[in-house]
Amino acid sequence: MRLAVGLLAAALVLTACGRTADTGVPEAAKDVKEGQSGTLKVWAMGGEGEKLPQLAKEYEAANPGVKLEITAIPWGQAHDKLAGAIAAKTTPDLTMMGTTWMSEFGKTGALDPVPSLIDRSAFFPSSLQPPTVNNTLYGVPWYVDTRVLFYRKDILDKAGIKEAPKTWDELKAAAKAAQSKGGAKYGMYLPPGKAGAADVFMPWIWQQGSDILGADGKFTFDSPETVKALTYYQSFFTGKLAPTATQPGDAERWFVDGSLAMQITGPWMVSKFTELGGAGFADKFAVAPVPGDRTRTSFVGGADLAVFKDSRNRDAAWTFVKWLTDPAVQVKWYGLQKDLPSVQSAWTDPALQNDKVAPFGEQLKDTRATPAISTYAQIQKLVEDQTEKMIVGGVSPEDTAKALQQGAEGIGTGA
């Protein structure tokens, strides 16, 4: 049975690929007549799936002819459920989709190209990279995610550092000062080759003006820029500025109790640190764009909204997508779920202008998405495994870069 489903999914990829069968030209998006009636079946994952019904009630109240049937799906089951629905032609009208899945599912031919109803210029440009497959946009950014520097203001102030570090050299110096003068046990937390390593390490390659995938579609892990990024990463551990042995939750606990001065992480940690630290802790930490080399580029992720070609109410589905990406609705959704708006103009709202949130909007102006390849999950795991061997096993940055290149070539891009 698994073999049959796999063969069917493969056949969909090979025969469709989002192109017309006779010309090989990317299919053009059809015009949309803003539909305001009918039932829409919507899939959403994780916390978004749990909170979306609350926002949907407002939409239904304003559009009495529309009924939204929202199914919440755990992230761990979502990928296989989408793949199975595409193979069996039992897809919903509309789905939320992780950005790293867009390349894979965009090539199946099951997704409807984004129509002109959606204003592409409204979004952060980097957020449009993942849902663009074969030069066709198949998804609309619903919310975005990026990584910034979290730092203990009180610890750095005690160390004589009055503002957030902006460069690699300043970051290293701040980590050292936090230990020697600020009283922190660790100056910096970096994932020691475990989950999250790729999200920190990859931007250090981008910040040098390089990438892991060349214009010719071939991997470039064995570049001088990769070796430089790996060397910088490793130096925090060899210099005992970052902990090598950690357990889940250690970084959060150490940041709150003052054992750790800095870490690079995402927007969900603002509320988590505030909660963990209790009354007054919000005044002790701050966030800032990541320090950089030639640039201060960070990672951009999030989730997209995609409409299926088999939707029985395509116009209404795209009309709902348009509503979800209205700036005012994006701000309201941030209030409900704390998802960062993908629409740039939403960031002018006062709700997103406080000192704990506004730096994320600033960072989003300088972000890049991971390569839009269907094998990225395997590449990400490769990076995590090889950086762990470098940090824990003592493998040199040069040999790590070679191992990354060899492993990536073996995995391929899935093109």
# chains A, B, ... in the order shown; residues from 1 in each chain; ligands from 1

call {"tool": "residues_around", "arguments": {"residues": "segment 281-290 of chain A", "least_positions_apart": "2", "cutoff": "9 Å", "atoms": "only C-alpha atoms", "output": "ChimeraX atom specification"}}
result
/A:147-155,164-167,256,264,270,273-279,292,296-298,355-360,362-364

call {"tool": "residues_around", "arguments": {"residues": "Met97 of chain A", "least_positions_apart": "3", "cutoff": "7 Å", "atoms": "only C-alpha atoms", "output": "count of residues only"}}
result
4

call {"tool": "closest_residue", "arguments": {"among": "A:Leu55, A:Ile205, A:Ile411, A:Ala175", "to": "Ile373 of chain A", "atoms": "only C-alpha atoms"}}
result
A:Ile411

call {"tool": "residues_around", "arguments": {"residues": "Leu213 of chain A", "least_positions_apart": "2", "cutoff": "12 Å", "atoms": "only C-alpha atoms", "output": "PDB file with C-alpha atoms, in the first residue's frame"}}
result
ATOM      1  CA  MET A 202      22.803  29.220   7.021  1.00  0.00           C
ATOM      2  CA  ILE A 205      26.807  32.014   4.666  1.00  0.00           C
ATOM      3  CA  TRP A 206      24.267  34.456   3.202  1.00  0.00           C
ATOM      4  CA  SER A 210      27.135  33.414  -0.789  1.00  0.00           C
ATOM      5  CA  ASP A 211      24.641  30.535  -0.695  1.00  0.00           C
ATOM      6  CA  ALA A 215      22.822  29.597 -10.040  1.00  0.00           C
ATOM      7  CA  ASP A 216      23.439  26.352 -11.937  1.00  0.00           C
ATOM      8  CA  GLY A 217      21.430  24.404  -9.354  1.00  0.00           C
ATOM      9  CA  LYS A 218      24.497  22.680  -7.889  1.00  0.00           C
ATOM     10  CA  PHE A 219      25.369  22.667  -4.191  1.00  0.00           C
ATOM     11  CA  THR A 220      28.231  24.903  -3.024  1.00  0.00           C
ATOM     12  CA  PHE A 221      28.818  23.757   0.545  1.00  0.00           C
ATOM     13  CA  ASP A 222      32.536  23.375  -0.150  1.00  0.00           C
ATOM     14  CA  SER A 223      32.993  27.127  -0.642  1.00  0.00           C
ATOM     15  CA  THR A 226      30.949  27.957   4.183  1.00  0.00           C
ATOM     16  CA  THR A 370      16.044  28.523   2.374  1.00  0.00           C
ATOM     17  CA  PRO A 371      16.434  27.046  -1.127  1.00  0.00           C
ATOM     18  CA  ALA A 372      13.100  26.133  -2.729  1.00  0.00           C
ATOM     19  CA  ILE A 373      13.943  22.470  -3.216  1.00  0.00           C
ATOM     20  CA  TYR A 376      15.433  20.702   1.932  1.00  0.00           C
ATOM     21  CA  ILE A 379      19.586  18.981   3.698  1.00  0.00           C
ATOM     22  CA  GLN A 405      29.037  18.931  -0.027  1.00  0.00           C
ATOM     23  CA  ALA A 408      24.161  17.211  -0.324  1.00  0.00           C
ATOM     24  CA  GLU A 409      25.209  15.891  -3.715  1.00  0.00           C
ATOM     25  CA  GLY A 412      20.174  16.055  -4.626  1.00  0.00           C
ATOM     26  CA  THR A 413      17.606  18.812  -5.108  1.00  0.00           C
TER      27      THR A 413
END

call {"tool": "closest_residue", "arguments": {"among": "A:Thr136, A:Thr246, A:Asn63, A:Gln179", "to": "Met262 of chain A", "atoms": "only C-alpha atoms"}}
result
A:Gln179

call {"tool": "select_by_dssp", "arguments": {"residues": "segment 106-196 of chain A", "states": "strand (DSSP E)", "output": "count of residues only"}}
result
16

call {"tool": "residues_around", "arguments": {"residues": "Leu128 of chain A", "least_positions_apart": "4", "cutoff": "9 Å", "atoms": "only C-alpha atoms", "output": "JSON list (two decimals) with N, CA and C atoms, in the first residue's frame"}}
result
[["chain", "number", "residue", "atom", "x", "y", "z"],
["A", 120, "ARG", "N", 0.93, 41.15, -4.95],
["A", 120, "ARG", "CA", 2.22, 40.60, -4.55],
["A", 120, "ARG", "C", 3.12, 41.64, -3.89],
["A", 123, "PHE", "N", 3.72, 42.16, 0.15],
["A", 123, "PHE", "CA", 4.43, 41.26, 1.04],
["A", 123, "PHE", "C", 5.93, 41.54, 1.08],
["A", 124, "PHE", "N", 6.57, 41.07, 2.15],
["A", 124, "PHE", "CA", 8.03, 41.12, 2.18],
["A", 124, "PHE", "C", 8.55, 40.28, 1.01],
["A", 132, "THR", "N", 7.17, 30.25, -4.78],
["A", 132, "THR", "CA", 7.39, 30.41, -6.22],
["A", 132, "THR", "C", 8.09, 29.17, -6.77],
["A", 137, "LEU", "N", 3.83, 31.57, -8.91],
["A", 137, "LEU", "CA", 3.50, 31.71, -7.50],
["A", 137, "LEU", "C", 2.29, 30.84, -7.17],
["A", 139, "GLY", "N", 1.45, 30.05, -3.72],
["A", 139, "GLY", "CA", 0.99, 30.26, -2.36],
["A", 139, "GLY", "C", 1.14, 31.71, -1.96],
["A", 140, "VAL", "N", 0.35, 32.12, -0.98],
["A", 140, "VAL", "CA", 0.36, 33.50, -0.49],
["A", 140, "VAL", "C", 0.86, 33.50, 0.95],
["A", 141, "PRO", "N", 1.90, 34.27, 1.28],
["A", 141, "PRO", "CA", 2.40, 34.30, 2.66],
["A", 141, "PRO", "C", 1.31, 34.74, 3.63],
["A", 369, "ALA", "N", 15.02, 33.22, 2.26],
["A", 369, "ALA", "CA", 14.41, 31.91, 2.49],
["A", 369, "ALA", "C", 15.41, 30.82, 2.14]]

call {"tool": "residues_around", "arguments": {"residues": "segment 310-312 of chain A", "least_positions_apart": "3", "cutoff": "10 Å", "atoms": "only C-alpha atoms", "output": "PyMOL selection string"}}
result
chain A and resi 38-41+86+89-94+110-112+307+315-317

call {"tool": "select_by_dssp", "arguments": {"residues": "segment 131-354 of chain A", "states": "helix (DSSP H, G or I)", "output": "ChimeraX atom specification"}}
result
/A:153-158,168-180,197-206,224-238,250-257,268-277,281-283,314-324,327-337,344-348,350-352

call {"tool": "residues_around", "arguments": {"residues": "Ser180 of chain A", "least_positions_apart": "2", "cutoff": "12 Å", "atoms": "only C-alpha atoms", "output": "PyMOL selection string"}}
result
chain A and resi 155-156+158-160+173-178+182-187+240-241+261

call {"tool": "residues_around", "arguments": {"residues": "Ile118 of chain A", "least_positions_apart": "6", "cutoff": "9 Å", "atoms": "only C-alpha atoms", "output": "mmCIF file with C-alpha atoms, in the first residue's frame"}}
result
data_model
loop_
_atom_site.group_PDB
_atom_site.id
_atom_site.type_symbol
_atom_site.label_atom_id
_atom_site.label_comp_id
_atom_site.auth_asym_id
_atom_site.auth_seq_id
_atom_site.Cartn_x
_atom_site.Cartn_y
_atom_site.Cartn_z
ATOM 1 C CA VAL A 140 0.362 33.502 -0.488
ATOM 2 C CA TRP A 318 -9.126 33.264 -2.974
ATOM 3 C CA THR A 319 -11.452 35.945 -1.608
ATOM 4 C CA VAL A 321 -7.158 34.511 1.314
ATOM 5 C CA LYS A 322 -7.355 38.169 0.327
ATOM 6 C CA THR A 325 -3.899 39.139 4.209
#

call {"tool": "atom_distance", "arguments": {"atom1": "atom CA of Val114 of chain A", "atom2": "atom CA of Asn134 of chain A"}}
result
13.3 Å

call {"tool": "atom_distance", "arguments": {"atom1": "atom CA of Val32 of chain A", "atom2": "atom CA of Gln54 of chain A"}}
result
26.3 Å

call {"tool": "atom_distance", "arguments": {"atom1": "atom CA of Ala198 of chain A", "atom2": "atom CA of Asn135 of chain A"}}
result
25.9 Å

call {"tool": "closest_residue", "arguments": {"among": "A:Ala72, A:Met102, A:Ala195, A:Leu82", "to": "Asp385 of chain A", "atoms": "only C-alpha atoms"}}
result
A:Ala195

call {"tool": "decode", "arguments": {"residues": "segment 125-136 of chain A", "atoms": "C-alpha atoms", "output": "CSV table (one decimal), in the first residue's frame"}}
result
chain,number,residue,atom,x,y,z
A,125,PRO,CA,9.9,40.1,-1.0
A,126,SER,CA,11.8,37.3,0.6
A,127,SER,CA,8.5,35.7,1.8
A,128,LEU,CA,7.5,35.2,-1.9
A,129,GLN,CA,10.5,33.0,-2.6
A,130,PRO,CA,9.3,29.7,-1.1
A,131,PRO,CA,5.9,29.6,-2.8
A,132,THR,CA,7.4,30.4,-6.2
A,133,VAL,CA,7.9,27.2,-8.2
A,134,ASN,CA,9.1,27.1,-11.8
A,135,ASN,CA,8.5,30.9,-11.9
A,136,THR,CA,4.9,30.6,-10.9
